[in-house]
Amino acid sequence: MESNKREKEIQSRRTLLIADDDEISGDILASFFEKDYDILRAYTGRETLQVISSHIETIDLVLLDIYMPDLDGFHVLKERQENPEIKKIPVIVMTGEVDIEHECFKLGVNDFIKKPFEDPEIIVARVERMIELYEDRSIIKEVKIDHLTNLYSFEFFKKFCLQFDAAYPNIKKDMISVNVTRFRLINELYGKEFADDVLRNIAEYLKGYVNEHKGFAYHHGTGRFLLYCPHIENDDLFVKGLLAHLEKLINPSSVHLHVGICPNVDPSLDKDIAIGRAVNLSERIQGDSEIYCIFDEEIEKKSVFEEELINGFKEALKSHQFKVFYQPKYKIQGPKNILSSAEALVRWEHPKYGMISPGVFIPLFETNGFIQALDSYVFEEVAKQQARWKEELGFYLPVSVNVSRVDVHNPNLEKEILEAVDSCGVPHDKYYLEITESAYSQDKQEILDLVNSLREKGFFIEVDDFGSGYSSLNVISELPFDVLKIDMVFMKKIDEHPMNKDIVKMVLALCKRFGVTSVVEGVETEEHYRFLKENGCDVVQGYYFSRPLPLKDFTELLKKETQDER
Amino acid sequence: MSVKEFYAAIGGDYDRALQMLMNDVFIIKLLKKFAEGTYYDELKKAREDEDITHTFAITHTLKGVAGNLSLSPIYEKASAICEATRNKKDGVDVSREMDDLIETTLSAIKKIKEL
């Protein structure tokens, strides 16, 4: 019973165009079909052609009256003869005249329905049969098969997706992109013939899989496949099966499998978008460990959001949407804590998303290279501000700026820093450059050269985030620097694990021994502060003293603290 | 009168109408559309204008509508007039033969109680 009902629903979404100038006849005809079909209506020949061309993808059959105002049915049929797209849609002529049948047949009419109408059931059956006949024929005619793999061509794949949706509106479907990475390598290592064999074999496997599940597959470029099939409940099983098959064919170490799955594709979603999502997913997989990635709204939202950030970057830079915030650093070893310097931190005041934290956009800009332009902007902004404070308050406040690990590869980095600082007349020893410890472990020589050169010119070098990665004491012995910034993770861990206290104590002692200034970030509680003060930490930074402040607030704080001072 | 009585009164085929149109509600809806339609006015206008082509066209439409609504007398007369006016240069007056039928049918439609 249930399955009968579903069968019925499956057949139910076809579209009929009823072209008849007489409203009553059209209403009657529509009443035969409206339960199972979507009905479009046209009342003149001209209108008929308009409706056909605006619904060319959806109309399954036209029921055409011959005598109509403006253009008659013959005119419509002649137009259809000349337009291959319209010709794909079958036409049944409704007429009471026997003698026009001959002419209609010559004009490619597929069948006739007698007017006045006779048995409604027969009319419905004829229409149904004609549509089915046409669907089969157009599929056979249009299939352009990829000769190598015997899979469908791209255009046909998309068309089939639409037909599949229309035929099975209530079945959930997945769009899947399968990439066999580094496939070119197989070509080079084993020759084209072998590579083609492998491709054919993968195609065969995929075809077997989708046929079994009533879906279909498409080969779009070497080693890349698209599948559209009823929803796969167990993705893991599907991917593992494919992987096992692939491993039988080739040495698994030479290629990898990356699969992007968009489950339960919304049928109203443009097929290009669904395909794009699946392909992007399979392409964003990196490395060897991950094999497949399943689309979800979050991933999509994130990538749309990231794209927006990237697209807005240049304008943001131009219109000063990036704001430099300053987080004060305090010297804590004197009788009184003194605001001695600040770290410049960039925020994005986005016109749409409001204040965006650097944690969101810095990693993004590090991957696409925008970070260099952003850092240069910050270098300049900070130097200009230091000059303004000098004017206003009478002294240069030391400020540290972050140098991204990506900047290290910028051959003009040093020049850019010098220009920014010198054009504002800021003494080099008031300008601190923070370089992360992890950057040093990646590009040792470049960093050593950079640091040496900058220090020679009088800049202060701070090693940032010490302890956040795989810290190595080599950094302390090898790299010439002025300040060691101990990462906030240590401070967080102090509460969890008492041994961390000993590590911090040891690092602080090392700093003393080597004569470098120690800074601890992430100081959040009085307890942190007391512990650090007791153990000889020179400078602290963290919410216990102040969060990063917008320029205006920071300047106020700076004025207040320095007035107290004097 | 009821729909069935209406068909009896005008000599139409109620059984056929019911088979095609399924129920009285739909039949009434379409009869109302027929009564509100411009068929008769257009027929008279074509006659005044001595427009034989339009006379044929409107009669042809009437033939279709009357056939589908099983208004048999109009259907039969319209069929005859169609043949008489097809490919003719004059002879619009033949359409007068339908006037009485149409008028009777229109006034009968008004008497259907569910209307």
# chains A, B, ... in the order shown; residues from 1 in each chain; ligands from 1
$ interface_residues --of "chain A" --to "chain B" --cutoff "8 Å" --atoms "only C-alpha atoms" --output "PyMOL selection string"
chain A and resi 22+24-25+28+31+67+96+115-120
$ write_last_selection --atoms "N, CA and C atoms" --output "compact mmCIF listing (two decimals), in the first residue's frame"
# COMPACT_ATOMS: atom_id res chain seq x y z
N ASP A 22 -9.89 28.45 -25.48
CA ASP A 22 -11.15 28.31 -24.76
C ASP A 22 -10.89 27.87 -23.32
N ILE A 24 -12.86 27.11 -20.88
CA ILE A 24 -13.63 25.98 -20.35
C ILE A 24 -13.01 24.64 -20.76
N SER A 25 -12.67 24.51 -22.03
CA SER A 25 -12.03 23.26 -22.46
C SER A 25 -10.72 23.03 -21.72
N ILE A 28 -11.39 21.83 -18.25
CA ILE A 28 -11.79 20.41 -18.22
C ILE A 28 -10.55 19.52 -18.35
N SER A 31 -8.56 19.47 -15.33
CA SER A 31 -9.15 18.68 -14.25
C SER A 31 -8.76 17.20 -14.37
N TYR A 67 -6.98 26.01 -33.42
CA TYR A 67 -7.54 27.34 -33.67
C TYR A 67 -7.37 28.24 -32.45
N GLY A 96 -11.13 18.64 -33.39
CA GLY A 96 -12.32 17.95 -33.81
C GLY A 96 -12.30 17.71 -35.31
N LYS A 115 -11.63 16.30 -30.03
CA LYS A 115 -12.49 17.26 -29.37
C LYS A 115 -13.88 17.11 -29.94
N PRO A 116 -14.96 17.15 -29.21
CA PRO A 116 -15.00 17.19 -27.75
C PRO A 116 -14.32 15.96 -27.13
N PHE A 117 -13.87 16.16 -25.91
CA PHE A 117 -13.10 15.08 -25.27
C PHE A 117 -13.96 13.86 -25.05
N GLU A 118 -13.28 12.73 -25.11
CA GLU A 118 -14.01 11.50 -24.81
C GLU A 118 -13.54 10.97 -23.46
N ASP A 119 -13.29 9.71 -23.37
CA ASP A 119 -12.97 9.13 -22.07
C ASP A 119 -11.71 9.75 -21.42
N PRO A 120 -11.88 10.44 -20.29
CA PRO A 120 -10.73 11.09 -19.65
C PRO A 120 -9.59 10.12 -19.36
$ residues_around --residues "Ile261 of chain A" --least-positions-apart "4" --cutoff "6 Å" --atoms "only C-alpha atoms" --output "list of chain:residue names"
A:Ile176, A:Ala278, A:Ile294, A:Phe295
$ select_by_dssp --residues "segment 249-390 of chain A" --states "strand (DSSP E or B)" --output "number ranges by chain"
A: 257-262, 292-294, 322-331, 338-350, 354-356
$ write_last_selection --atoms "N, CA and C atoms" --output "short mmCIF file (atom, residue, chain, number, x, y, z; two decimals), in the first residue's frame"
data_model
loop_
_atom_site.label_atom_id
_atom_site.label_comp_id
_atom_site.auth_asym_id
_atom_site.auth_seq_id
_atom_site.Cartn_x
_atom_site.Cartn_y
_atom_site.Cartn_z
N LEU A 257 42.95 8.87 -2.32
CA LEU A 257 41.55 9.03 -2.66
C LEU A 257 40.98 10.17 -1.84
N HIS A 258 40.40 11.16 -2.49
CA HIS A 258 39.73 12.24 -1.78
C HIS A 258 38.27 12.30 -2.22
N VAL A 259 37.38 12.14 -1.29
CA VAL A 259 35.96 12.07 -1.62
C VAL A 259 35.20 13.18 -0.90
N GLY A 260 34.45 13.97 -1.67
CA GLY A 260 33.61 15.01 -1.07
C GLY A 260 32.15 14.60 -1.22
N ILE A 261 31.44 14.60 -0.12
CA ILE A 261 30.05 14.12 -0.16
C ILE A 261 29.10 15.22 0.29
N CYS A 262 28.14 15.55 -0.58
CA CYS A 262 27.05 16.45 -0.18
C CYS A 262 25.82 15.59 0.04
N TYR A 292 37.71 11.25 3.20
CA TYR A 292 36.49 11.88 2.74
C TYR A 292 35.99 12.95 3.70
N CYS A 293 35.18 13.81 3.14
CA CYS A 293 34.70 14.96 3.88
C CYS A 293 33.23 15.13 3.53
N ILE A 294 32.41 15.32 4.54
CA ILE A 294 30.97 15.41 4.29
C ILE A 294 30.53 16.85 4.46
N PHE A 322 40.74 48.08 9.34
CA PHE A 322 41.60 47.38 10.31
C PHE A 322 42.03 48.38 11.38
N LYS A 323 41.76 48.02 12.63
CA LYS A 323 42.09 48.90 13.75
C LYS A 323 43.18 48.26 14.59
N VAL A 324 44.14 49.07 14.96
CA VAL A 324 45.18 48.55 15.83
C VAL A 324 44.75 48.75 17.28
N PHE A 325 44.71 47.66 18.03
CA PHE A 325 44.45 47.71 19.46
C PHE A 325 45.77 47.58 20.19
N TYR A 326 45.80 48.08 21.41
CA TYR A 326 47.05 48.02 22.17
C TYR A 326 46.80 47.34 23.50
N GLN A 327 47.58 46.33 23.78
CA GLN A 327 47.47 45.69 25.09
C GLN A 327 48.69 46.08 25.92
N PRO A 328 48.43 46.74 27.07
CA PRO A 328 49.57 47.21 27.87
C PRO A 328 50.37 46.06 28.47
N LYS A 329 51.66 46.32 28.62
CA LYS A 329 52.53 45.38 29.31
C LYS A 329 53.09 46.12 30.53
N TYR A 330 53.15 45.41 31.62
CA TYR A 330 53.60 46.05 32.87
C TYR A 330 54.90 45.43 33.38
N LYS A 331 55.78 46.33 33.79
CA LYS A 331 56.98 45.87 34.51
C LYS A 331 56.56 45.63 35.95
N ILE A 338 54.60 49.23 36.46
CA ILE A 338 54.65 50.34 35.52
C ILE A 338 54.26 49.88 34.12
N LEU A 339 53.35 50.64 33.49
CA LEU A 339 52.99 50.38 32.09
C LEU A 339 54.20 50.78 31.24
N SER A 340 54.93 49.77 30.76
CA SER A 340 56.21 50.06 30.15
C SER A 340 56.19 49.96 28.63
N SER A 341 55.23 49.19 28.10
CA SER A 341 55.16 49.03 26.64
C SER A 341 53.80 48.44 26.29
N ALA A 342 53.64 48.16 25.00
CA ALA A 342 52.35 47.60 24.59
C ALA A 342 52.57 46.68 23.41
N GLU A 343 51.62 45.77 23.24
CA GLU A 343 51.65 44.95 22.03
C GLU A 343 50.53 45.43 21.10
N ALA A 344 50.90 45.64 19.84
CA ALA A 344 49.90 46.06 18.86
C ALA A 344 49.20 44.83 18.32
N LEU A 345 47.86 44.85 18.37
CA LEU A 345 47.08 43.71 17.88
C LEU A 345 46.02 44.24 16.94
N VAL A 346 45.89 43.57 15.81
CA VAL A 346 44.97 44.10 14.81
C VAL A 346 43.58 43.47 14.95
N ARG A 347 42.57 44.31 14.76
CA ARG A 347 41.18 43.85 14.74
C ARG A 347 40.56 44.36 13.44
N TRP A 348 39.55 43.67 12.99
CA TRP A 348 38.88 44.12 11.77
C TRP A 348 37.49 44.61 12.14
N GLU A 349 37.27 45.91 11.93
CA GLU A 349 35.93 46.45 12.17
C GLU A 349 35.17 46.30 10.86
N HIS A 350 34.53 45.14 10.73
CA HIS A 350 33.92 44.78 9.45
C HIS A 350 32.55 45.44 9.32
N GLY A 354 30.86 43.30 12.09
CA GLY A 354 31.31 43.95 13.32
C GLY A 354 32.78 43.62 13.58
N MET A 355 33.17 43.65 14.87
CA MET A 355 34.58 43.45 15.19
C MET A 355 34.98 41.99 15.00
N ILE A 356 35.95 41.75 14.16
CA ILE A 356 36.41 40.37 13.93
C ILE A 356 37.79 40.22 14.56
#
$ closest_residue --among "B:Lys4, B:Arg86, B:Lys44, B:Lys111" --to "Asp24 of chain B" --atoms "only C-alpha atoms"
B:Lys4
$ closest_residue --among "B:Asp100, B:Ser95, B:Leu106, B:Gly12" --to "Glu42 of chain B" --atoms "only C-alpha atoms"
B:Ser95
